[in-house]
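Participant: This is the structure I want to talk about, given as structure tokens.
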Amino acid sequence: MAIFGTQFTGNLAPNQSRTWFTHSWNPNWNVAWMCVPTSPVVDGPAQIEWTVSNTRQGSNFVKWFITARNLTTSNLDFQARYAILNA
């Protein structure tokens, strides 16, 4: 059974990159991250790209880092979503 959710919402200025982190995740979970634009609505080229990295925060915790980059020349709102694949 998988668990899906939104961890946070973010805003990026034109062409801006920014990194967020989220901590204290179970190290036994297989987590997939995705960033989905919410505004403006544009049916065209890609609006956002993201990378994900992590660190072992402690013996029982993982900290995730999500870096998102706005590929447009407009302000961009987005959701950072997760899927825990082995919950």
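Chain labels run A, B, ... following the order of the structure tokens; each chain numbers its residues from 1, and ligands are numbered from 1 in the order shown.
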Counting only C-alpha atoms, what is within 7 Å of A:Phe21, bar same-chain residues fewer than 3 positions away, as a ChimeraX atom specification?
Facilitator: /A:63-66
Participant: Put those residues in a file: C-alpha atoms, as a tab-separated table (two decimals), in the first residue's frame.
Facilitator:
chain	number	residue	atom	x	y	z
A	63	LYS	CA	16.30	14.38	5.98
A	64	TRP	CA	15.24	15.11	2.39
A	65	PHE	CA	16.34	18.16	0.37
A	66	ILE	CA	14.19	19.25	-2.59
Participant: Considering only C-alpha atoms, return as a list in words whatever protein or nucleic-acid residues lie within 10 Å of A:Arg56, sequence-local ones (same chain, fewer than 5 positions apart) excluded.
Facilitator: His23, Ser24, Trp25, Pro27, Phe61, Val62, Lys63 and Trp64 of chain A
Participant: Run DSSP on the backbone and grab whatever in chain A lands in strand (DSSP E); send it over as a count of residues only.
Facilitator: 58
Participant: Write out as a list of chain:residue names which residues come within 12 Å of A:Met34 when counting only C-alpha atoms, dropping same-chain ones fewer than 3 positions away.
Facilitator: A:Phe4, A:Gly5, A:Thr6, A:Gln7, A:Phe8, A:Thr9, A:Val31, A:Pro37, A:Ile48, A:Glu49, A:Trp50, A:Thr51, A:Val52, A:Phe65, A:Ile66, A:Thr67, A:Ala68, A:Phe78, A:Gln79, A:Ala80, A:Arg81, A:Tyr82, A:Ala83, A:Ile84
Participant: Once you have the residues from the selection above, write them out as a PDB file, in the first residue's frame, restricted to C-alpha atoms.
Facilitator:
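Contents of selection_32.pdb, freshly written:
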ATOM      1  CA  PHE A   4       0.497   9.969  -1.070  1.00  0.00           C
ATOM      2  CA  GLY A   5       0.523  13.547   0.169  1.00  0.00           C
ATOM      3  CA  THR A   6       1.660  17.143  -0.224  1.00  0.00           C
ATOM      4  CA  GLN A   7       4.556  18.078   2.047  1.00  0.00           C
ATOM      5  CA  PHE A   8       4.633  21.820   1.275  1.00  0.00           C
ATOM      6  CA  THR A   9       3.753  24.511  -1.243  1.00  0.00           C
ATOM      7  CA  VAL A  31       9.927   7.835  -0.866  1.00  0.00           C
ATOM      8  CA  PRO A  37       3.052  23.596 -10.803  1.00  0.00           C
ATOM      9  CA  ILE A  48       9.624  23.449 -13.198  1.00  0.00           C
ATOM     10  CA  GLU A  49      12.424  20.982 -12.623  1.00  0.00           C
ATOM     11  CA  TRP A  50      13.624  19.540  -9.333  1.00  0.00           C
ATOM     12  CA  THR A  51      16.322  17.412  -7.767  1.00  0.00           C
ATOM     13  CA  VAL A  52      16.167  15.402  -4.580  1.00  0.00           C
ATOM     14  CA  PHE A  65      16.336  18.156   0.371  1.00  0.00           C
ATOM     15  CA  ILE A  66      14.193  19.252  -2.587  1.00  0.00           C
ATOM     16  CA  THR A  67      15.689  21.832  -4.941  1.00  0.00           C
ATOM     17  CA  ALA A  68      13.181  23.314  -7.381  1.00  0.00           C
ATOM     18  CA  PHE A  78       3.930  24.636  -6.917  1.00  0.00           C
ATOM     19  CA  GLN A  79       3.288  21.711  -4.587  1.00  0.00           C
ATOM     20  CA  ALA A  80       6.012  19.343  -3.384  1.00  0.00           C
ATOM     21  CA  ARG A  81       4.313  15.947  -3.285  1.00  0.00           C
ATOM     22  CA  TYR A  82       5.516  12.604  -1.984  1.00  0.00           C
ATOM     23  CA  ALA A  83       4.667   8.949  -2.407  1.00  0.00           C
ATOM     24  CA  ILE A  84       5.733   6.447   0.240  1.00  0.00           C
TER      25      ILE A  84
END
Participant: For a quick check of understanding, using only C-alpha atoms, which of A:Asn28, A:Gln47, A:Ser59, A:Asn54 has the smallest distance to A:Asn75?
Facilitator: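 The answer is A:Gln47, which sits nearest to A:Asn75.
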Participant: Kindly indicate which residue among A:Leu76, A:Leu85, A:Leu71, A:Ile3 lies nearest to A:Ala46, using only C-alpha atoms for the distances.
Facilitator: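 The shortest atom-to-atom distance to A:Ala46 comes from A:Leu71.
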Participant: Determine, counting only C-alpha atoms, which protein, DNA and RNA residues have an atom within 12 Å of an atom of A:Ser74; residues of the same chain fewer than 3 positions away are not included. Present the result as a short mmCIF file (atom, residue, chain, number, x, y, z; two decimals) with N, CA and C atoms, in the first residue's frame.
Facilitator:
data_model
loop_
_atom_site.label_atom_id
_atom_site.label_comp_id
_atom_site.auth_asym_id
_atom_site.auth_seq_id
_atom_site.Cartn_x
_atom_site.Cartn_y
_atom_site.Cartn_z
N ASN A 11 6.86 28.90 -3.76
CA ASN A 11 6.76 29.95 -4.77
C ASN A 11 8.16 30.27 -5.23
N LEU A 12 8.32 30.43 -6.54
CA LEU A 12 9.61 30.77 -7.12
C LEU A 12 9.45 31.97 -8.04
N ALA A 13 10.39 32.89 -7.96
CA ALA A 13 10.45 34.02 -8.88
C ALA A 13 10.92 33.50 -10.24
N PRO A 14 10.81 34.31 -11.28
CA PRO A 14 11.28 33.88 -12.60
C PRO A 14 12.73 33.39 -12.55
N ASN A 15 12.96 32.22 -13.11
CA ASN A 15 14.29 31.61 -13.23
C ASN A 15 14.97 31.33 -11.89
N GLN A 16 14.26 31.39 -10.79
CA GLN A 16 14.84 31.18 -9.46
C GLN A 16 14.95 29.70 -9.13
N SER A 39 0.24 27.28 -10.35
CA SER A 39 -0.11 28.59 -10.92
C SER A 39 1.16 29.26 -11.44
N PRO A 40 1.13 29.88 -12.59
CA PRO A 40 0.00 30.00 -13.50
C PRO A 40 -0.23 28.71 -14.28
N VAL A 41 -1.44 28.56 -14.79
CA VAL A 41 -1.78 27.42 -15.62
C VAL A 41 -1.30 27.72 -17.04
N VAL A 42 -0.39 26.88 -17.54
CA VAL A 42 0.20 27.09 -18.86
C VAL A 42 0.28 25.74 -19.56
N GLN A 47 7.55 23.94 -16.84
CA GLN A 47 7.61 25.10 -15.96
C GLN A 47 8.59 24.91 -14.81
N ILE A 48 8.83 23.68 -14.41
CA ILE A 48 9.62 23.45 -13.20
C ILE A 48 10.46 22.18 -13.38
N ASN A 70 12.47 27.24 -11.25
CA ASN A 70 11.46 27.80 -12.14
C ASN A 70 12.09 27.98 -13.52
N LEU A 71 11.53 27.35 -14.53
CA LEU A 71 12.05 27.41 -15.89
C LEU A 71 11.43 28.52 -16.71
N ASP A 77 3.94 29.08 -8.62
CA ASP A 77 3.55 28.39 -7.40
C ASP A 77 3.53 26.90 -7.69
#
Participant: From the options A:Gly10, A:Asn86, A:Pro45, A:Met1, which residue's atoms come nearest to A:Thr73, counting only C-alpha atoms?
Facilitator: A:Pro45
Participant: Return the single residue from A:Asn60, A:Ser53, A:Thr72, A:Thr38 that is closest to A:Trp20, with distances computed using only C-alpha atoms.
Facilitator: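 Closest to A:Trp20 of all the choices is A:Ser53.
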Participant: Point out the residue among A:Cys35, A:Arg69, A:Gly58, A:Ala87 with the least atom-to-atom distance to A:Arg18, counting only C-alpha atoms.
Facilitator: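 Using only C-alpha atoms, the shortest distance to A:Arg18 belongs to A:Arg69.
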